[in-house]
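**Q** What follows is model_18.cif; its format and atoms are mmCIF, C-alpha atoms.
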data_entry
loop_
_atom_site.label_atom_id
_atom_site.label_comp_id
_atom_site.auth_asym_id
_atom_site.auth_seq_id
_atom_site.Cartn_x
_atom_site.Cartn_y
_atom_site.Cartn_z
CA MET F 488 -172.14 -286.15 88.26
CA SER F 489 -173.06 -288.98 90.60
CA GLY F 490 -171.12 -291.06 93.13
CA HIS F 491 -171.40 -294.81 93.47
CA ARG F 492 -169.98 -297.52 95.70
CA LEU F 493 -167.39 -299.57 93.85
CA TRP F 494 -167.89 -302.73 95.89
CA PRO F 495 -171.21 -303.93 97.36
CA GLY F 496 -171.44 -303.10 101.05
CA GLU F 497 -168.13 -301.21 101.10
CA PRO F 498 -168.44 -297.45 101.82
CA GLY F 499 -164.79 -296.52 101.16
CA GLU F 500 -163.85 -297.08 97.52
CA ARG F 501 -166.09 -295.21 95.12
CA ILE F 502 -166.49 -294.26 91.49
CA THR F 503 -167.84 -290.90 90.35
CA ALA F 504 -169.68 -290.77 87.03
CA TYR F 505 -169.46 -287.75 84.71
CA PRO F 506 -171.84 -288.68 81.85
CA VAL F 507 -172.27 -286.80 78.59
CA PRO F 508 -175.51 -286.09 76.72
CA SER F 509 -175.49 -288.22 73.60
CA GLU F 510 -177.99 -289.63 71.14
CA ARG F 511 -176.03 -292.89 71.04
CA PRO F 512 -173.87 -294.76 73.56
CA ALA F 513 -170.73 -292.76 74.30
CA PRO F 514 -167.19 -294.02 74.86
CA ALA F 515 -166.01 -294.01 78.47
CA VAL F 516 -162.70 -293.51 80.27
CA VAL F 517 -161.87 -294.43 83.87
CA VAL F 518 -159.63 -291.75 85.41
CA LEU F 519 -156.89 -292.86 87.83
CA PRO F 520 -155.24 -289.91 89.63
CA GLY F 521 -151.67 -290.14 90.86
CA GLY F 522 -150.23 -289.62 94.30
CA GLY F 523 -147.47 -292.18 94.72
CA TYR F 524 -149.89 -294.84 96.03
CA THR F 525 -150.11 -292.79 99.24
CA ARG F 526 -152.84 -290.30 98.31
CA LEU F 527 -154.99 -289.26 95.34
CA ALA F 528 -154.20 -285.98 93.58
CA GLU F 529 -157.42 -284.01 93.18
CA HIS F 530 -156.18 -281.93 90.22
CA GLU F 531 -155.80 -285.17 88.27
CA ASN F 532 -159.35 -286.21 89.09
CA GLU F 533 -162.45 -284.11 88.40
CA PRO F 534 -160.77 -281.55 86.08
CA VAL F 535 -159.61 -284.42 83.87
CA ALA F 536 -163.09 -285.96 83.86
CA ARG F 537 -164.57 -282.61 82.84
CA TRP F 538 -162.03 -282.29 80.01
CA LEU F 539 -162.95 -285.75 78.71
CA ASN F 540 -166.59 -284.66 78.73
CA THR F 541 -165.72 -281.84 76.30
CA LEU F 542 -164.58 -284.55 73.87
CA GLY F 543 -167.91 -286.35 74.10
CA ILE F 544 -166.45 -289.03 76.38
CA ALA F 545 -168.14 -290.16 79.58
CA ALA F 546 -165.65 -290.13 82.47
CA PHE F 547 -165.54 -292.15 85.66
CA ALA F 548 -163.12 -290.94 88.35
CA LEU F 549 -161.92 -293.73 90.62
CA HIS F 550 -161.13 -293.44 94.32
CA TYR F 551 -158.86 -296.48 94.62
CA ARG F 552 -157.08 -297.84 97.69
CA VAL F 553 -153.61 -296.54 98.57
CA ALA F 554 -151.16 -297.19 101.43
CA PRO F 555 -151.41 -298.70 103.95
CA HIS F 556 -153.28 -300.95 101.49
CA ARG F 557 -150.89 -302.92 99.32
CA HIS F 558 -150.88 -304.75 95.99
CA PRO F 559 -153.10 -306.22 94.61
CA LEU F 560 -155.84 -304.05 96.16
CA PRO F 561 -155.35 -300.97 93.90
CA LEU F 562 -155.33 -303.25 90.84
CA LEU F 563 -158.48 -305.02 92.02
CA ASP F 564 -160.16 -301.61 92.41
CA ALA F 565 -159.12 -300.56 88.89
CA ALA F 566 -160.33 -303.84 87.40
CA ARG F 567 -163.60 -303.52 89.28
CA ALA F 568 -164.03 -299.97 87.96
CA VAL F 569 -163.76 -301.03 84.31
CA ARG F 570 -166.10 -303.95 84.96
CA TRP F 571 -168.49 -301.61 86.82
CA VAL F 572 -168.64 -299.18 83.89
CA ARG F 573 -169.41 -302.01 81.47
CA ALA F 574 -172.00 -303.53 83.79
CA HIS F 575 -173.75 -300.15 84.21
CA ALA F 576 -173.26 -298.99 80.63
CA THR F 577 -176.96 -298.64 79.87
CA ASP F 578 -177.59 -296.59 83.03
CA HIS F 579 -174.92 -294.05 82.03
CA GLY F 580 -175.33 -294.01 78.24
CA VAL F 581 -172.00 -295.75 77.66
CA ASP F 582 -170.78 -298.13 74.96
CA PRO F 583 -169.36 -301.13 76.89
CA GLU F 584 -167.07 -301.96 73.97
CA ARG F 585 -165.31 -298.58 74.21
CA VAL F 586 -163.97 -298.28 77.75
CA GLY F 587 -160.46 -296.94 78.32
CA VAL F 588 -158.28 -295.92 81.24
CA LEU F 589 -156.30 -292.72 81.83
CA GLY F 590 -153.79 -292.49 84.65
CA PHE F 591 -151.22 -290.05 86.03
CA SER F 592 -147.92 -291.00 87.67
CA ALA F 593 -148.72 -293.89 90.07
CA GLY F 594 -152.21 -293.87 88.58
CA GLY F 595 -150.47 -294.32 85.23
CA HIS F 596 -148.72 -297.36 86.66
CA LEU F 597 -152.07 -298.70 87.81
CA ALA F 598 -153.61 -298.08 84.38
CA GLY F 599 -150.63 -299.84 82.80
CA LEU F 600 -150.95 -302.80 85.15
CA LEU F 601 -154.57 -303.21 84.15
CA ALA F 602 -153.85 -302.83 80.43
CA THR F 603 -151.19 -305.57 80.63
CA GLU F 604 -152.97 -307.85 83.10
CA THR F 605 -153.28 -311.46 81.93
CA GLY F 606 -155.00 -312.91 85.00
CA PRO F 607 -158.61 -312.54 86.12
CA ALA F 608 -157.92 -309.67 88.57
CA LEU F 609 -160.83 -310.82 90.70
CA ALA F 610 -161.21 -310.23 94.41
CA GLU F 611 -161.87 -313.20 96.64
CA GLY F 612 -165.69 -313.59 96.83
CA PRO F 613 -168.44 -312.93 97.19
CA HIS F 614 -168.91 -312.15 93.52
CA ASP F 615 -171.75 -310.45 91.67
CA GLU F 616 -172.86 -309.72 88.11
CA VAL F 617 -170.26 -306.96 87.73
CA ASP F 618 -167.47 -309.53 88.00
CA ALA F 619 -168.71 -311.22 84.82
CA GLN F 620 -167.55 -308.24 82.74
CA GLU F 621 -164.18 -307.91 80.98
CA ALA F 622 -161.63 -305.89 82.98
CA ARG F 623 -159.14 -305.23 80.16
CA PRO F 624 -159.53 -301.65 78.84
CA ASP F 625 -159.80 -300.92 75.12
CA LEU F 626 -157.00 -298.33 75.28
CA ALA F 627 -154.79 -296.63 77.86
CA VAL F 628 -153.52 -293.07 78.31
CA LEU F 629 -150.50 -292.84 80.63
CA CYS F 630 -149.35 -289.41 81.79
CA TYR F 631 -145.80 -289.17 83.24
CA PRO F 632 -146.31 -292.75 84.44
CA VAL F 633 -144.42 -294.84 86.91
CA VAL F 634 -143.52 -297.80 84.69
CA THR F 635 -140.59 -299.75 86.06
CA LEU F 636 -140.29 -300.77 89.71
CA THR F 637 -136.66 -301.87 89.38
CA GLY F 638 -133.35 -300.18 88.57
CA PRO F 639 -132.32 -296.53 88.68
CA ALA F 640 -135.49 -295.25 86.99
CA ALA F 641 -137.81 -296.76 89.61
CA HIS F 642 -139.80 -294.39 91.81
CA ALA F 643 -138.85 -295.64 95.27
CA GLY F 644 -141.80 -294.03 97.02
CA SER F 645 -144.35 -295.75 94.81
CA VAL F 646 -142.57 -299.09 95.19
CA ALA F 647 -142.58 -298.86 98.98
CA ALA F 648 -146.19 -297.70 99.18
CA LEU F 649 -147.49 -300.38 96.79
CA LEU F 650 -145.42 -303.34 97.94
CA GLY F 651 -144.50 -302.45 101.52
CA PRO F 652 -141.11 -301.51 103.00
CA GLY F 653 -139.78 -305.03 102.47
CA GLN F 654 -141.62 -305.52 99.16
CA GLU F 655 -143.57 -308.29 100.83
CA ALA F 656 -146.70 -307.64 98.72
CA GLY F 657 -145.19 -308.51 95.35
CA ASP F 658 -142.21 -308.84 93.05
CA PRO F 659 -141.14 -305.44 91.63
CA ALA F 660 -139.96 -307.05 88.38
CA GLU F 661 -143.30 -308.76 87.80
CA LEU F 662 -145.12 -305.48 88.39
CA SER F 663 -142.92 -303.44 86.04
CA ILE F 664 -145.16 -302.60 83.09
CA GLU F 665 -142.46 -302.81 80.43
CA ARG F 666 -142.01 -306.50 81.33
CA ARG F 667 -145.75 -307.22 81.09
CA VAL F 668 -146.46 -305.90 77.60
CA GLY F 669 -147.77 -308.51 75.18
CA PRO F 670 -149.77 -308.92 71.98
CA ARG F 671 -153.09 -308.37 73.80
CA THR F 672 -152.03 -305.02 75.27
CA PRO F 673 -154.40 -302.34 73.92
CA PRO F 674 -153.24 -299.13 72.17
CA VAL F 675 -151.37 -296.74 74.44
CA PHE F 676 -150.80 -292.98 74.48
CA VAL F 677 -147.96 -291.89 76.76
CA TRP F 678 -146.37 -288.55 77.54
CA HIS F 679 -143.63 -287.33 79.88
CA THR F 680 -141.25 -284.42 80.35
CA ALA F 681 -137.55 -284.92 79.76
CA ASP F 682 -136.47 -283.22 82.99
CA ASP F 683 -139.04 -284.80 85.33
CA ALA F 684 -137.15 -284.88 88.62
CA SER F 685 -139.53 -287.24 90.41
CA VAL F 686 -140.28 -290.00 87.90
CA PRO F 687 -137.49 -290.17 85.30
CA VAL F 688 -138.47 -290.00 81.64
CA ASP F 689 -136.76 -293.39 81.22
CA ASN F 690 -140.05 -294.84 82.46
CA ALA F 691 -141.92 -293.64 79.38
CA LEU F 692 -139.03 -294.63 77.10
CA LEU F 693 -138.88 -298.16 78.48
CA LEU F 694 -142.59 -298.56 77.97
CA THR F 695 -142.59 -297.13 74.45
CA SER F 696 -139.79 -299.48 73.42
CA ALA F 697 -141.59 -302.51 74.85
CA LEU F 698 -144.86 -301.59 73.13
CA ALA F 699 -143.16 -301.09 69.77
CA ARG F 700 -141.28 -304.37 70.16
CA HIS F 701 -144.55 -306.24 70.62
CA GLY F 702 -146.34 -304.45 67.79
CA VAL F 703 -148.76 -302.62 70.10
CA PRO F 704 -150.02 -299.30 68.67
CA VAL F 705 -148.34 -296.54 70.66
CA GLU F 706 -148.13 -292.76 70.49
CA ALA F 707 -145.46 -291.18 72.70
CA HIS F 708 -144.57 -287.55 73.39
CA VAL F 709 -141.63 -286.23 75.41
CA TYR F 710 -141.72 -282.52 76.19
CA PRO F 711 -138.40 -280.81 76.96
CA ASN F 712 -139.32 -279.17 80.28
CA GLY F 713 -141.94 -279.51 82.96
CA ALA F 714 -142.32 -280.46 86.59
CA HIS F 715 -143.84 -283.74 87.63
CA GLY F 716 -147.58 -283.75 88.32
CA LEU F 717 -148.72 -281.11 85.83
CA GLY F 718 -152.08 -282.74 85.22
CA LEU F 719 -153.83 -281.01 82.32
CA ALA F 720 -150.93 -278.47 82.24
CA VAL F 721 -153.38 -275.70 81.43
CA GLY F 722 -150.89 -272.93 82.21
CA ASP F 723 -148.04 -274.40 80.17
CA PRO F 724 -148.22 -273.49 76.46
CA VAL F 725 -145.86 -276.34 75.50
CA VAL F 726 -146.79 -279.26 77.73
CA GLY F 727 -150.45 -278.26 77.61
CA ASP F 728 -150.34 -279.47 74.01
CA TRP F 729 -150.69 -283.05 75.27
CA THR F 730 -154.47 -282.76 75.59
CA SER F 731 -154.87 -281.82 71.93
CA ARG F 732 -152.66 -284.68 70.80
CA CYS F 733 -154.44 -287.09 73.11
CA ALA F 734 -157.81 -285.99 71.73
CA VAL F 735 -156.62 -286.93 68.23
CA PHE F 736 -155.38 -290.30 69.54
CA LEU F 737 -158.74 -290.98 71.19
CA ARG F 738 -160.65 -290.08 68.03
CA SER F 739 -158.37 -292.23 65.90
CA HIS F 740 -159.33 -295.23 68.04
CA GLY F 741 -163.05 -294.60 67.87
CA PHE F 742 -163.44 -292.71 71.14
CA THR F 743 -165.77 -290.06 69.76
CA GLY F 744 -169.21 -289.17 71.01
#
Spell out the structure here as structure tokens.

**A**
Amino acid sequence: MSGHRLWPGEPGERITAYPVPSERPAPAVVVLPGGGYTRLAEHENEPVARWLNTLGIAAFALHYRVAPHRHPLPLLDAARAVRWVRAHATDHGVDPERVGVLGFSAGGHLAGLLATETGPALAEGPHDEVDAQEARPDLAVLCYPVVTLTGPAAHAGSVAALLGPGQEAGDPAELSIERRVGPRTPPVFVWHTADDASVPVDNALLLTSALARHGVPVEAHVYPNGAHGLGLAVGDPVVGDWTSRCAVFLRSHGFTG
């Protein structure tokens, strides 16, 4: 494990590398913990990176900006993280052509934003060699994600934290993932619980429908019961099944060590 500055000269945002021993370049996944864009949930951070390591996948846990920082700063951090992993692939034994993202709740929204981003997602200068890398991930895993920022299924707390009380930082419709899906969206694995009282399961259903409509490979699982924010769900014999199913999804898309 090693920590690194995400941006040159900036001490705050950081990325923590969890490499894996491998005779050949390993796939990599950038981990985006949830927290409603107000904090970062630690149980969705290092434990998830360690689990990915057991699959032969190098993990990179991202400390991205949250409120009072607004959009597009979290997205710029996520884009920079994927670019950073590709730019430093040789240093960490990573295959730059196999870099995915995995996010929980608001971190799932952030992962979805990046997977559906069509613009450059570049910060205003100065720029360096990292910025020359591709920011689009090769696949995305979204765990009980915030998807839509409009309508009854929207998570009001995430909307306010990301866009500001008056939504001055962006248009909620334009930042709703189900409206951003297109033919270049990479394969997606998504799971949710049907009785999630914080982020309604409609979020996952809206996304799954949009992905299928655009012909994007998608695997979706809805578990009957489970509180929001379960992370790896180690203590739940039903919901904890998601890690096994996700491992199969990752292998099926070439994310094997």

**Q** Residues within 7 Å of Arg570 of chain F, please, as a list in words. Count all atoms listed in the file; anything in the same chain fewer than 5 positions from it doesn't count.

**A**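 Returned residues: Val617, Asp618, Gln620, Glu621 and Ala622 of chain F.
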
**Q** Write out as number ranges by chain the residues lying within 12 Å of Gly496 of chain F, counting only C-alpha atoms and excluding same-chain residues fewer than 5 positions away.

**A** F: 491, 501, 613, 615

**Q** Between F:His701, F:Arg526, F:Arg492, F:His679, single out the one closest to His556 of chain F, counting all atoms listed in the file.

**A**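 Of the candidates, the smallest distance to His556 of chain F is held by F:Arg526.
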
**Q** Rounded to one decimal in Å, what is the spacing between atom CA of Phe742 of chain F and atom CA of Trp678 of chain F?

**A** 18.7 Å

**Q** Could you state which residues are captured by the PyMOL selection byres ((chain F and resi 551) around 6) in this file, as a PDB file with C-alpha atoms, in the coordinates of the input?

**A**
ATOM      1  CA  GLU F 500    -163.850-297.080  97.520  1.00  0.00           C
ATOM      2  CA  LEU F 549    -161.920-293.730  90.620  1.00  0.00           C
ATOM      3  CA  HIS F 550    -161.130-293.440  94.320  1.00  0.00           C
ATOM      4  CA  ARG F 552    -157.080-297.840  97.690  1.00  0.00           C
ATOM      5  CA  PRO F 561    -155.350-300.970  93.900  1.00  0.00           C
ATOM      6  CA  ASP F 564    -160.160-301.610  92.410  1.00  0.00           C
TER       7      ASP F 564
END

**Q** The PyMOL selection byres ((chain F and resi 719-724) around 9) on the file shown: which residues, as a list in words?

**A**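 Those residues are His530, Glu531, Pro534, Val535, Trp538, Gly713, Gly716, Leu717, Gly718, Val725, Val726, Gly727, Asp728, Trp729 and Thr730 of chain F.
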
**Q** Between atom CA of Arg567 of chain F and atom CA of Glu665 of chain F, what is the distance, to one decimal in Å?

**A**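 It comes out at 22.9 Å.
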
**Q** With all atoms listed in the file as the atoms that count, which of F:Asn712, F:Ser731, F:Thr605, F:Thr680 lies nearest to Ala566 of chain F?

**A**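 Under the stated criterion, the closest residue is F:Thr605.
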
**Q** Restricting the calculation to all atoms listed in the file, which member of F:Ala515, F:Ala684, F:Val675, F:Leu629 is positioned closest to Gly543 of chain F?

**A**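 Of F:Ala515, F:Ala684, F:Val675, F:Leu629, the one nearest Gly543 of chain F, counting all atoms listed in the file, is F:Ala515.
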
**Q** Just to confirm, what's the straight-line distance from atom CA of Trp494 of chain F to atom CA of Leu542 of chain F in Å (one decimal)?

**A**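 For atom CA of Trp494 of chain F relative to atom CA of Leu542 of chain F, the distance reads 28.7 Å.
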
**Q** Could you expand the PyMOL selection byres ((chain F and resi 590) around 7) into the explicit residues it covers here, written as a list in words?

**A**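 Taken over the shown coordinates, the PyMOL selection byres ((chain F and resi 590) around 7) returns Val518, Leu519, Pro520, Gly521, Val588, Leu589, Phe591, Ser592, Gly594, Gly595, Ala598, Val628, Leu629 and Cys630 of chain F.
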
**Q** Got time to write the residues from that selection, C-alpha atoms, as a compact mmCIF listing (two decimals), in the frame of the given file?

**A**
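Contents of part_7.txt, as written:
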# COMPACT_ATOMS: atom_id res chain seq x y z
CA VAL F 518 -159.63 -291.75 85.41
CA LEU F 519 -156.89 -292.86 87.83
CA PRO F 520 -155.24 -289.91 89.63
CA GLY F 521 -151.67 -290.14 90.86
CA VAL F 588 -158.28 -295.92 81.24
CA LEU F 589 -156.30 -292.72 81.83
CA PHE F 591 -151.22 -290.05 86.03
CA SER F 592 -147.92 -291.00 87.67
CA GLY F 594 -152.21 -293.87 88.58
CA GLY F 595 -150.47 -294.32 85.23
CA ALA F 598 -153.61 -298.08 84.38
CA VAL F 628 -153.52 -293.07 78.31
CA LEU F 629 -150.50 -292.84 80.63
CA CYS F 630 -149.35 -289.41 81.79

**Q** Measuring between all atoms listed in the file, which one of F:Pro711, F:Pro704, F:Gly499, F:Gly523 shows the shortest distance to His642 of chain F?

**A**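 Of F:Pro711, F:Pro704, F:Gly499, F:Gly523, the one nearest His642 of chain F, counting all atoms listed in the file, is F:Gly523.
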
**Q** Got a sec: who's within 12 Å of Ala699 of chain F, counting only C-alpha atoms, leaving out chain neighbours fewer than 2 positions off, as a list in words?

**A**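 Returned residues: Glu665, Val668, Gly669, Pro670, Thr672, Pro674, Val675, Leu692, Leu693, Leu694, Thr695, Ser696, Ala697, His701, Gly702, Val703, Pro704, Val705, Glu706 and Ala707 of chain F.
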
**Q** For each of F:Val633, F:Ala565, F:Leu626, F:Ala619, take the minimum atom-to-atom distance to Glu584 of chain F, counting only C-alpha atoms, then give the residue where this is smallest.

**A**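 Residue with the minimum atom-to-atom distance to Glu584 of chain F: F:Leu626.
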
**Q** Out of F:Ile664, F:Leu562, F:Leu737, F:Leu636, which residue has the shortest atom-to-atom distance to Val586 of chain F when counting all atoms listed in the file?

**A**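 For Val586 of chain F, the nearest of the candidates is F:Leu737.
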
**Q** Select, counting all atoms listed in the file, all protein, DNA and RNA residues no farther than 7 Å from (-144.7, -289.8, 98.4) in file coordinates, and express the selection as an mmCIF file with C-alpha atoms, keeping the file's coordinate frame.

**A**
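Contents of result.cif, freshly written:
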data_model
loop_
_atom_site.group_PDB
_atom_site.id
_atom_site.type_symbol
_atom_site.label_atom_id
_atom_site.label_comp_id
_atom_site.auth_asym_id
_atom_site.auth_seq_id
_atom_site.Cartn_x
_atom_site.Cartn_y
_atom_site.Cartn_z
ATOM 1 C CA GLY F 522 -150.230 -289.620 94.300
ATOM 2 C CA GLY F 523 -147.470 -292.180 94.720
ATOM 3 C CA THR F 525 -150.110 -292.790 99.240
ATOM 4 C CA GLY F 644 -141.800 -294.030 97.020
ATOM 5 C CA SER F 645 -144.350 -295.750 94.810
#
